[in-house]
>>> print(open('work-v3.cif').read())   # mmCIF, C-alpha atoms
data_my_file
loop_
_atom_site.label_atom_id
_atom_site.label_comp_id
_atom_site.auth_asym_id
_atom_site.auth_seq_id
_atom_site.Cartn_x
_atom_site.Cartn_y
_atom_site.Cartn_z
CA MET H 1 -37.59 -15.29 19.76
CA SER H 2 -35.27 -18.05 20.98
CA LYS H 3 -36.73 -21.53 21.56
CA GLU H 4 -33.84 -22.92 23.59
CA PRO H 5 -34.72 -24.49 26.94
CA LEU H 6 -34.07 -22.25 29.94
CA ARG H 7 -32.14 -23.02 33.10
CA SER H 8 -34.11 -23.69 36.25
CA GLU H 9 -31.80 -21.35 38.16
CA ARG H 10 -32.61 -17.64 38.03
CA ASN H 11 -29.08 -16.25 38.45
CA CYS H 12 -27.33 -14.93 35.33
CA LEU H 13 -24.13 -16.84 34.55
CA ASN H 14 -22.60 -13.70 33.00
CA CYS H 15 -23.33 -10.93 35.53
CA SER H 16 -24.75 -12.94 38.50
CA HIS H 17 -27.89 -10.75 38.68
CA LEU H 18 -31.43 -12.10 38.91
CA VAL H 19 -33.02 -13.11 35.61
CA GLU H 20 -36.74 -12.41 35.74
CA GLN H 21 -37.51 -13.46 32.16
CA ARG H 22 -35.57 -15.12 29.35
CA TYR H 23 -32.94 -12.36 28.99
CA ARG H 24 -31.10 -10.50 31.74
CA PRO H 25 -31.73 -6.72 31.29
CA ASN H 26 -28.38 -5.87 32.88
CA CYS H 27 -26.18 -7.64 30.29
CA GLY H 28 -28.59 -9.04 27.70
CA GLN H 29 -27.47 -12.68 28.04
CA GLU H 30 -30.10 -15.39 27.61
CA ASN H 31 -30.64 -17.68 30.61
CA ALA H 32 -30.41 -20.80 28.43
CA LYS H 33 -28.74 -24.08 29.29
CA VAL H 34 -24.98 -24.05 28.91
CA ARG H 35 -24.45 -27.53 27.49
CA LYS H 36 -25.57 -27.79 23.88
CA THR H 37 -26.04 -30.67 21.46
CA PHE H 38 -24.01 -30.96 18.27
CA TYR H 39 -27.20 -30.29 16.29
CA HIS H 40 -27.63 -26.97 18.13
CA LEU H 41 -23.98 -26.08 17.49
CA PHE H 42 -24.37 -26.76 13.77
CA VAL H 43 -27.64 -24.80 13.46
CA HIS H 44 -26.27 -21.90 15.51
CA PHE H 45 -23.15 -21.74 13.33
CA PHE H 46 -25.23 -21.75 10.15
CA GLU H 47 -27.49 -18.98 11.44
CA ASP H 48 -24.54 -16.82 12.49
CA PHE H 49 -22.75 -17.41 9.19
CA THR H 50 -25.73 -16.53 6.99
CA HIS H 51 -26.47 -13.47 9.13
CA TYR H 52 -22.85 -12.30 8.91
CA GLU H 53 -22.69 -13.13 5.22
CA SER H 54 -25.75 -11.03 4.40
CA LYS H 55 -24.30 -8.08 6.35
CA PHE H 56 -20.91 -8.59 4.74
CA TRP H 57 -22.12 -8.63 1.13
CA ARG H 58 -24.50 -5.74 1.73
CA THR H 59 -21.59 -3.74 3.16
CA ILE H 60 -19.30 -4.64 0.24
CA ILE H 61 -21.90 -3.67 -2.38
CA TYR H 62 -22.53 -0.31 -0.69
CA LEU H 63 -18.81 0.26 -0.28
CA ILE H 64 -17.94 -0.30 -3.95
CA PHE H 65 -20.94 1.00 -5.86
CA LYS H 66 -22.54 3.60 -3.57
CA PRO H 67 -19.98 6.24 -2.53
CA ALA H 68 -20.65 7.63 0.96
CA ALA H 69 -23.97 5.74 1.32
CA LEU H 70 -22.44 3.38 3.87
CA THR H 71 -20.96 6.27 5.85
CA LYS H 72 -24.22 8.25 5.82
CA ALA H 73 -26.19 5.22 6.97
CA TYR H 74 -23.77 4.58 9.84
CA VAL H 75 -23.67 8.21 10.99
CA LEU H 76 -27.50 8.36 10.92
CA GLY H 77 -27.67 5.31 13.19
CA LYS H 78 -28.50 2.54 10.68
CA ARG H 79 -25.75 0.24 11.91
CA LEU H 80 -27.13 -3.28 12.45
CA SER H 81 -27.45 -3.92 8.70
CA PHE H 82 -23.74 -3.30 8.00
CA LEU H 83 -20.37 -4.28 9.40
CA PRO H 84 -18.86 -1.77 11.87
CA PRO H 85 -16.27 0.50 10.17
CA VAL H 86 -13.31 -0.52 12.34
CA ARG H 87 -14.05 -4.23 12.00
CA LEU H 88 -14.53 -3.81 8.24
CA TYR H 89 -11.17 -2.04 7.80
CA ILE H 90 -9.26 -4.52 9.97
CA PHE H 91 -10.79 -7.47 8.12
CA LEU H 92 -10.08 -6.03 4.66
CA SER H 93 -6.57 -4.95 5.65
CA PHE H 94 -5.74 -8.41 6.96
CA ILE H 95 -7.26 -10.34 4.07
CA THR H 96 -5.75 -8.03 1.41
CA PHE H 97 -2.15 -8.11 2.59
CA PHE H 98 -2.37 -11.76 3.62
CA LEU H 99 -3.64 -12.97 0.25
CA ILE H 100 -1.20 -10.78 -1.68
CA SER H 101 1.68 -12.17 0.40
CA LEU H 102 0.74 -15.72 -0.65
CA PHE H 103 1.63 -14.95 -4.27
CA PRO H 104 5.25 -14.28 -5.30
CA ASP H 105 6.11 -10.87 -6.65
CA GLU H 106 6.77 -11.43 -10.36
CA ASN H 107 8.63 -8.14 -10.76
CA SER H 108 11.03 -8.99 -7.94
CA LYS H 109 11.61 -12.43 -9.41
CA GLU H 110 12.46 -10.95 -12.80
CA ILE H 111 14.85 -8.44 -11.24
CA VAL H 112 16.62 -11.14 -9.26
CA LYS H 113 16.76 -13.40 -12.31
CA ALA H 114 18.20 -10.62 -14.46
CA ASP H 115 20.74 -9.78 -11.78
CA LYS H 116 21.89 -13.40 -11.57
CA ILE H 117 22.28 -13.62 -15.34
CA LYS H 118 24.27 -10.40 -15.32
CA THR H 119 26.67 -11.66 -12.65
CA LYS H 120 27.19 -14.99 -14.40
CA THR H 121 27.78 -13.64 -17.89
CA GLU H 122 30.01 -10.80 -18.93
CA ASN H 123 29.35 -10.97 -22.66
CA VAL H 124 27.63 -7.64 -23.00
CA PRO H 125 29.76 -5.52 -25.35
CA SER H 126 31.15 -2.31 -23.92
CA LEU H 127 31.78 0.95 -25.74
CA ASP H 128 35.47 0.11 -26.03
CA SER H 129 34.79 -3.31 -27.56
CA LEU H 130 32.69 -1.63 -30.23
CA HIS H 131 35.67 0.63 -31.05
CA ILE H 132 33.61 3.77 -30.79
CA ASP H 133 36.22 6.20 -29.51
CA GLU H 134 37.38 9.72 -30.29
CA LYS H 135 39.72 8.64 -33.10
CA SER H 136 37.12 6.63 -34.95
CA VAL H 137 34.70 9.52 -34.58
CA ASP H 138 37.30 11.83 -36.14
CA GLY H 139 37.71 9.33 -38.96
CA LEU H 140 33.99 9.36 -39.65
CA THR H 141 34.11 13.16 -39.69
CA LYS H 142 37.01 13.22 -42.19
CA VAL H 143 35.19 10.99 -44.64
CA GLY H 144 32.12 13.17 -44.33
CA LEU H 145 29.75 10.73 -42.63
CA ILE H 146 29.11 13.03 -39.67
CA SER H 147 29.49 16.77 -39.18
CA GLN H 148 31.95 18.44 -36.83
CA LYS H 149 29.08 19.52 -34.60
CA ASN H 150 27.91 15.93 -34.21
CA ASN H 151 31.55 14.93 -33.72
CA ASP H 152 31.84 17.18 -30.68
CA THR H 153 28.51 15.97 -29.27
CA ILE H 154 29.47 12.29 -29.59
CA LYS H 155 32.86 12.92 -27.96
CA LYS H 156 31.21 14.62 -25.00
CA ILE H 157 28.75 11.74 -24.55
CA LEU H 158 31.56 9.18 -24.73
CA GLN H 159 33.66 11.08 -22.19
CA ASP H 160 30.74 11.45 -19.79
CA THR H 161 29.96 7.74 -20.14
CA LYS H 162 33.54 6.79 -19.29
CA ASP H 163 33.51 9.02 -16.22
CA ILE H 164 30.33 7.46 -14.79
CA ASN H 165 30.82 4.75 -12.20
CA PRO H 166 27.46 2.96 -11.70
CA LYS H 167 28.40 1.80 -8.21
CA GLU H 168 29.11 5.34 -7.06
CA ILE H 169 25.59 6.37 -7.99
CA THR H 170 24.05 4.06 -5.40
CA ASP H 171 26.95 4.29 -2.93
CA PHE H 172 26.97 8.11 -2.94
CA GLY H 173 30.66 8.20 -3.94
CA TYR H 174 31.94 5.91 -1.15
CA LYS H 175 33.29 2.39 -1.75
CA ASN H 176 32.42 1.03 1.69
CA THR H 177 31.93 1.95 5.34
CA ASN H 178 35.68 1.84 6.02
CA GLU H 179 36.34 4.56 3.44
CA LEU H 180 33.49 6.63 4.87
CA ASP H 181 34.86 6.26 8.42
CA SER H 182 38.37 7.13 7.29
CA ILE H 183 37.22 10.30 5.53
CA GLN H 184 35.08 11.30 8.49
CA ILE H 185 38.00 10.87 10.91
CA HIS H 186 41.04 12.01 8.90
CA GLY H 187 39.50 14.10 6.15
CA THR H 188 39.33 17.88 5.96
CA GLU H 189 36.25 19.79 7.03
CA LYS H 190 35.36 20.28 3.38
CA VAL H 191 34.98 16.54 2.65
CA LYS H 192 33.43 15.59 5.98
CA VAL H 193 29.64 15.25 6.25
CA SER H 194 27.22 16.11 9.06
CA GLN H 195 26.47 13.55 11.76
CA THR H 196 22.97 12.93 10.39
CA LYS H 197 24.24 12.34 6.86
CA TYR H 198 27.11 10.22 8.20
CA TRP H 199 24.66 8.00 10.11
CA PHE H 200 22.45 7.59 7.06
CA LEU H 201 25.36 6.86 4.68
CA LYS H 202 26.86 4.28 7.04
CA LYS H 203 23.51 2.50 7.35
CA TRP H 204 23.06 2.57 3.56
CA LEU H 205 26.55 1.21 2.81
CA ALA H 206 26.32 -1.43 5.57
CA VAL H 207 23.22 -2.92 3.97
CA LYS H 208 24.96 -3.16 0.58
CA GLU H 209 28.03 -4.76 2.15
CA GLU H 210 26.13 -7.36 4.17
CA ASN H 211 23.59 -8.40 1.52
CA THR H 212 23.61 -9.39 -2.11
CA ASN H 213 21.26 -7.66 -4.55
CA GLU H 214 18.93 -10.65 -4.45
CA GLU H 215 18.80 -10.59 -0.65
CA ILE H 216 18.18 -6.83 -0.60
CA ILE H 217 15.24 -7.16 -3.02
CA GLU H 218 13.72 -10.08 -1.15
CA LYS H 219 14.15 -8.60 2.34
CA PHE H 220 13.01 -5.15 1.29
CA SER H 221 9.86 -6.43 -0.43
CA GLN H 222 8.92 -8.61 2.51
CA SER H 223 9.58 -5.96 5.16
CA PHE H 224 7.86 -3.21 3.16
CA ALA H 225 4.72 -5.31 2.61
CA ASN H 226 4.57 -6.55 6.21
CA ASN H 227 4.65 -3.08 7.76
CA LEU H 228 2.62 -1.19 5.15
CA PRO H 229 -0.73 -1.93 6.89
CA LYS H 230 0.61 -0.28 10.05
CA VAL H 231 1.69 2.80 8.10
CA LEU H 232 -1.74 3.14 6.48
CA PHE H 233 -3.51 2.62 9.81
CA LEU H 234 -1.38 5.30 11.48
CA TYR H 235 -2.00 7.69 8.58
CA MET H 236 -5.79 7.50 8.74
CA PRO H 237 -6.06 9.95 11.70
CA VAL H 238 -4.05 12.44 9.61
CA PHE H 239 -6.44 11.98 6.68
CA ALA H 240 -9.41 12.56 8.99
CA LEU H 241 -7.71 15.63 10.49
CA ILE H 242 -7.30 17.22 7.05
CA LEU H 243 -11.00 16.62 6.38
CA TRP H 244 -11.82 18.21 9.74
CA LEU H 245 -9.81 21.32 8.86
CA PHE H 246 -11.78 21.87 5.64
CA HIS H 247 -15.31 21.52 7.04
CA ASP H 248 -17.68 23.16 9.49
CA LYS H 249 -16.53 22.28 13.02
CA LYS H 250 -20.02 22.75 14.49
CA LYS H 251 -21.78 20.52 11.99
CA TRP H 252 -19.15 17.82 11.60
CA TYR H 253 -17.21 16.24 14.45
CA TYR H 254 -13.82 14.60 14.04
CA TYR H 255 -15.66 11.31 14.65
CA ASP H 256 -17.69 11.79 11.46
CA HIS H 257 -14.55 12.38 9.41
CA GLY H 258 -13.03 9.28 11.02
CA ILE H 259 -15.92 7.09 9.86
CA PHE H 260 -15.64 8.54 6.34
CA THR H 261 -11.89 7.83 6.39
CA LEU H 262 -12.33 4.24 7.56
CA HIS H 263 -14.81 3.52 4.78
CA PHE H 264 -12.68 5.25 2.13
CA PHE H 265 -9.52 3.35 3.09
CA SER H 266 -11.54 0.11 3.22
CA PHE H 267 -12.71 0.82 -0.32
CA LEU H 268 -9.11 1.35 -1.48
CA LEU H 269 -7.99 -1.93 0.08
CA LEU H 270 -10.89 -3.77 -1.52
CA LEU H 271 -10.15 -2.34 -4.97
CA ILE H 272 -6.45 -3.19 -4.60
CA LEU H 273 -7.38 -6.78 -3.74
CA LEU H 274 -9.82 -7.07 -6.65
CA LEU H 275 -7.32 -5.64 -9.16
CA PHE H 276 -4.65 -7.98 -7.81
CA PHE H 277 -6.82 -11.04 -8.39
CA ILE H 278 -7.86 -9.80 -11.82
CA ASP H 279 -4.17 -9.63 -12.77
CA LYS H 280 -3.59 -13.14 -11.45
CA LEU H 281 -6.67 -14.47 -13.22
CA PHE H 282 -5.63 -13.11 -16.60
CA SER H 283 -2.05 -14.29 -16.09
CA LEU H 284 -3.34 -17.89 -15.83
CA SER H 285 -5.12 -17.71 -19.19
CA GLU H 286 -3.44 -17.99 -22.56
CA SER H 287 -2.23 -14.64 -23.83
CA SER H 288 -4.07 -13.14 -26.78
CA ILE H 289 -4.71 -9.67 -28.13
CA SER H 290 -8.41 -9.73 -27.21
CA LEU H 291 -7.77 -10.89 -23.64
CA SER H 292 -5.00 -8.32 -23.25
CA TRP H 293 -7.37 -5.54 -24.27
CA ILE H 294 -10.08 -6.85 -21.91
CA HIS H 295 -7.57 -7.04 -19.08
CA LEU H 296 -6.33 -3.52 -19.79
CA GLY H 297 -9.89 -2.19 -19.94
CA ILE H 298 -10.98 -3.76 -16.65
CA LYS H 299 -7.81 -2.66 -14.91
CA SER H 300 -8.09 0.89 -16.27
CA ILE H 301 -11.70 1.17 -15.10
CA GLY H 302 -10.73 -0.10 -11.66
CA ILE H 303 -7.84 2.36 -11.29
CA LEU H 304 -9.93 5.29 -12.54
CA TRP H 305 -12.75 4.39 -10.15
CA MET H 306 -10.24 4.17 -7.31
CA PHE H 307 -9.07 7.75 -7.92
CA TYR H 308 -12.47 9.21 -8.85
CA TYR H 309 -14.40 7.58 -5.98
CA PHE H 310 -13.31 10.13 -3.39
CA PHE H 311 -14.94 13.08 -5.18
CA PRO H 312 -18.57 11.84 -5.37
CA ALA H 313 -18.19 10.30 -1.91
CA HIS H 314 -17.11 13.66 -0.51
CA ARG H 315 -19.97 15.55 -2.17
CA LEU H 316 -22.67 13.06 -1.19
CA PHE H 317 -21.55 12.72 2.42
CA TYR H 318 -21.00 16.39 3.23
CA GLY H 319 -23.95 17.57 1.11
CA GLU H 320 -22.21 20.57 -0.45
CA THR H 321 -22.68 22.07 -3.91
CA TYR H 322 -20.78 20.63 -6.86
CA PHE H 323 -18.39 23.60 -7.03
CA ILE H 324 -17.62 23.85 -3.30
CA SER H 325 -17.25 20.10 -2.99
CA ALA H 326 -15.00 19.95 -6.07
CA VAL H 327 -12.70 22.64 -4.65
CA LYS H 328 -12.51 21.13 -1.17
CA SER H 329 -12.16 17.53 -2.32
CA THR H 330 -9.43 18.48 -4.82
CA LEU H 331 -7.45 20.33 -2.15
CA VAL H 332 -7.87 17.50 0.34
CA PHE H 333 -6.91 14.93 -2.29
CA VAL H 334 -3.80 16.82 -3.45
CA ILE H 335 -2.61 17.56 0.11
CA ASN H 336 -3.00 13.93 1.13
CA LEU H 337 -1.34 12.73 -2.07
CA ILE H 338 1.72 14.90 -1.36
CA ILE H 339 1.91 13.85 2.30
CA ILE H 340 1.45 10.15 1.60
CA SER H 341 4.09 10.30 -1.19
CA VAL H 342 6.62 11.81 1.21
CA ILE H 343 5.70 9.26 3.87
CA MET H 344 6.11 6.37 1.41
CA VAL H 345 9.57 7.61 0.37
CA LEU H 346 10.65 7.98 4.00
CA TYR H 347 9.12 4.62 4.83
CA ALA H 348 11.02 2.99 1.94
CA LEU H 349 14.29 4.53 3.14
CA TYR H 350 13.54 3.46 6.72
CA THR H 351 12.80 -0.06 5.54
CA TYR H 352 16.04 -0.24 3.55
CA ILE H 353 18.42 1.04 6.22
CA ASN H 354 16.87 -1.33 8.78
CA LEU H 355 17.38 -4.47 6.72
CA ASN H 356 19.33 -7.13 8.60
#
>>> encode(input="work-v3.cif", output="structure tokens")
Amino acid sequence: MSKEPLRSERNCLNCSHLVEQRYRPNCGQENAKVRKTFYHLFVHFFEDFTHYESKFWRTIIYLIFKPAALTKAYVLGKRLSFLPPVRLYIFLSFITFFLISLFPDENSKEIVKADKIKTKTENVPSLDSLHIDEKSVDGLTKVGLISQKNNDTIKKILQDTKDINPKEITDFGYKNTNELDSIQIHGTEKVKVSQTKYWFLKKWLAVKEENTNEEIIEKFSQSFANNLPKVLFLYMPVFALILWLFHDKKKWYYYDHGIFTLHFFSFLLLLILLLFFIDKLFSLSESSISLSWIHLGIKSIGILWMFYYFFPAHRLFYGETYFISAVKSTLVFVINLIIISVIMVLYALYTYINLN
């Protein structure tokens, strides 16, 4: 019960209705004095923080170590002891991607560094500089070092290597947008491409013309990471819909599957964040064989738990037998894995062709 002094006035400052006792039944606001002392502000903050902290840690422990227990408790109405599912997901999504964005991507840095070294130095020996050509291969065959069969195989490999142009692999056979436009306008029907493919190829080539490799890597990584939370958030209704299709429509509402989905995706975000910080923590320590094995073990357990978690969570929440739950959860998992893989590929292509 609150011990704050009450206002002498009986009108509620929130809804303007009459306050007969300490709290207004219409809106629940306490009829306490508006102006507070600094001591009250400090005490109130401490009380709110400790109350939120206890709910937060209880929610986190249930989320990580008790599959589906948090979802079952929420669906059954035990909600004041835990964070609401939507608030939990939004908080974890924000804190995960925000904290990860504060640390540089080591893989991207290595790629950029390697690319810069490659552009500055041209000392890598080519096949021609090593004098491995058809004639020298024939010479090795004549002296009996290699057989005729191996001779033919090596010649084919050398010829195929000479015919490969690395740039054409990523440019789809076009040097630039001007060549693509020229072929599309003046070329024969056989060499022309459809309007959809033409649009995609022009976007792809334009990005490579307007940006260096370093800029592409940096812009792509930043754009991909910034918009990934939106993609995951938009995919959650699809995940819940697939669950709805596999379960009894009379017993389980779409709402129930939505709560399960929110908690499952929150768990994934939390594990991703924990594994990320584990990697960073071990990277700060001196490298040794024992620490490397410990790091590998912890990371392996985390990844395995991330993939395995869905199966006991599904069985415990929906209360089905081991066999039925295993069949349904496997189908749901595989279907979602295929869909999310396709979405990630399309999202990566979308991110690339929209780089500025």
>>> atom_distance(input="work-v3.cif", atom1="CA of Asn226 (chain H)", atom2="CA of Val332 (chain H)")
27.7 Å
>>> resolve_selection(input="work-v3.cif", expression="the PyMOL selection byres ((chain H and resi 69) around 12)", output="MDAnalysis selection string")
chainID H and resid 58:68 70:76 78 82 259:260 263:264 312:319
>>> atom_distance(input="work-v3.cif", atom1="CA of Leu270 (chain H)", atom2="CA of Val345 (chain H)")
23.5 Å
>>> atom_distance(input="work-v3.cif", atom1="CA of Leu337 (chain H)", atom2="CA of Lys230 (chain H)")
17.9 Å
>>> closest_residue(input="work-v3.cif", among="H:Lys219, H:Asn336, H:Ala225, H:Leu268", to="Pro237 (chain H)", atoms="only C-alpha atoms")
H:Asn336
>>> closest_residue(input="work-v3.cif", among="H:Leu232, H:Ile216, H:Ala206, H:Val238", to="Ser266 (chain H)", atoms="only C-alpha atoms")
H:Leu232
>>> resolve_selection(input="work-v3.cif", expression="the PyMOL selection byres ((chain H and resi 176) around 9)", output="number ranges by chain")
H: 171, 174-175, 177-181, 202, 205-206, 208-209
>>> resolve_selection(input="work-v3.cif", expression="the PyMOL selection byres ((chain H and resi 193-201) around 8)", output="JSON, numbers by chain")
{"H": [172, 184, 191, 192, 202, 203, 204, 205, 353]}
>>> closest_residue(input="work-v3.cif", among="H:Ser288, H:Phe239, H:Asn227, H:His257", to="Ile338 (chain H)", atoms="only C-alpha atoms")
H:Phe239
>>> closest_residue(input="work-v3.cif", among="H:Leu296, H:Phe91, H:Ile183, H:Ser329", to="Tyr309 (chain H)", atoms="all atoms listed in the file")
H:Ser329
>>> residues_around(input="work-v3.cif", residues="Gln222 (chain H)", least_positions_apart="4", cutoff="12 Å", atoms="all atoms listed in the file", output="ChimeraX atom specification")
/H:97-98,100-105,108,215-218,226-228,348,351-352,355
>>> closest_residue(input="work-v3.cif", among="H:Ser325, H:Asn354, H:Ser292, H:Asn211", to="His247 (chain H)", atoms="all atoms listed in the file")
H:Ser325
>>> build_atoms(input="work-v3.cif", residues="region 228-245 of chain H", atoms="N, CA and C atoms", output="PDB file, in the frame of the given file")
ATOM      1  N   LEU H 228       3.456  -2.178   5.830  1.00  0.00           N
ATOM      2  CA  LEU H 228       2.620  -1.190   5.150  1.00  0.00           C
ATOM      3  C   LEU H 228       1.247  -1.030   5.794  1.00  0.00           C
ATOM      4  N   PRO H 229       0.563  -2.115   6.222  1.00  0.00           N
ATOM      5  CA  PRO H 229      -0.730  -1.930   6.890  1.00  0.00           C
ATOM      6  C   PRO H 229      -0.649  -1.036   8.126  1.00  0.00           C
ATOM      7  N   LYS H 230       0.448  -1.124   8.862  1.00  0.00           N
ATOM      8  CA  LYS H 230       0.610  -0.280  10.050  1.00  0.00           C
ATOM      9  C   LYS H 230       0.754   1.194   9.649  1.00  0.00           C
ATOM     10  N   VAL H 231       1.495   1.429   8.576  1.00  0.00           N
ATOM     11  CA  VAL H 231       1.690   2.800   8.100  1.00  0.00           C
ATOM     12  C   VAL H 231       0.353   3.409   7.679  1.00  0.00           C
ATOM     13  N   LEU H 232      -0.438   2.646   6.930  1.00  0.00           N
ATOM     14  CA  LEU H 232      -1.740   3.140   6.480  1.00  0.00           C
ATOM     15  C   LEU H 232      -2.677   3.378   7.665  1.00  0.00           C
ATOM     16  N   PHE H 233      -2.648   2.480   8.629  1.00  0.00           N
ATOM     17  CA  PHE H 233      -3.510   2.620   9.810  1.00  0.00           C
ATOM     18  C   PHE H 233      -3.133   3.870  10.608  1.00  0.00           C
ATOM     19  N   LEU H 234      -1.835   4.126  10.740  1.00  0.00           N
ATOM     20  CA  LEU H 234      -1.380   5.300  11.480  1.00  0.00           C
ATOM     21  C   LEU H 234      -1.641   6.598  10.706  1.00  0.00           C
ATOM     22  N   TYR H 235      -1.760   6.485   9.380  1.00  0.00           N
ATOM     23  CA  TYR H 235      -2.000   7.690   8.580  1.00  0.00           C
ATOM     24  C   TYR H 235      -3.464   8.100   8.567  1.00  0.00           C
ATOM     25  N   MET H 236      -4.362   7.184   8.812  1.00  0.00           N
ATOM     26  CA  MET H 236      -5.790   7.500   8.740  1.00  0.00           C
ATOM     27  C   MET H 236      -6.208   8.664   9.643  1.00  0.00           C
ATOM     28  N   PRO H 237      -5.714   8.772  10.887  1.00  0.00           N
ATOM     29  CA  PRO H 237      -6.060   9.950  11.700  1.00  0.00           C
ATOM     30  C   PRO H 237      -5.626  11.265  11.051  1.00  0.00           C
ATOM     31  N   VAL H 238      -4.512  11.241  10.310  1.00  0.00           N
ATOM     32  CA  VAL H 238      -4.050  12.440   9.610  1.00  0.00           C
ATOM     33  C   VAL H 238      -5.025  12.793   8.484  1.00  0.00           C
ATOM     34  N   PHE H 239      -5.467  11.785   7.757  1.00  0.00           N
ATOM     35  CA  PHE H 239      -6.440  11.980   6.680  1.00  0.00           C
ATOM     36  C   PHE H 239      -7.728  12.587   7.236  1.00  0.00           C
ATOM     37  N   ALA H 240      -8.201  12.048   8.354  1.00  0.00           N
ATOM     38  CA  ALA H 240      -9.410  12.560   8.990  1.00  0.00           C
ATOM     39  C   ALA H 240      -9.213  13.992   9.497  1.00  0.00           C
ATOM     40  N   LEU H 241      -8.011  14.282   9.990  1.00  0.00           N
ATOM     41  CA  LEU H 241      -7.710  15.630  10.490  1.00  0.00           C
ATOM     42  C   LEU H 241      -7.764  16.654   9.358  1.00  0.00           C
ATOM     43  N   ILE H 242      -7.253  16.304   8.195  1.00  0.00           N
ATOM     44  CA  ILE H 242      -7.300  17.220   7.050  1.00  0.00           C
ATOM     45  C   ILE H 242      -8.746  17.473   6.641  1.00  0.00           C
ATOM     46  N   LEU H 243      -9.573  16.438   6.661  1.00  0.00           N
ATOM     47  CA  LEU H 243     -11.000  16.620   6.380  1.00  0.00           C
ATOM     48  C   LEU H 243     -11.635  17.550   7.405  1.00  0.00           C
ATOM     49  N   TRP H 244     -11.282  17.382   8.658  1.00  0.00           N
ATOM     50  CA  TRP H 244     -11.820  18.210   9.740  1.00  0.00           C
ATOM     51  C   TRP H 244     -11.460  19.680   9.551  1.00  0.00           C
ATOM     52  N   LEU H 245     -10.263  19.950   9.062  1.00  0.00           N
ATOM     53  CA  LEU H 245      -9.810  21.320   8.860  1.00  0.00           C
ATOM     54  C   LEU H 245     -10.583  22.032   7.749  1.00  0.00           C
TER      55      LEU H 245
END
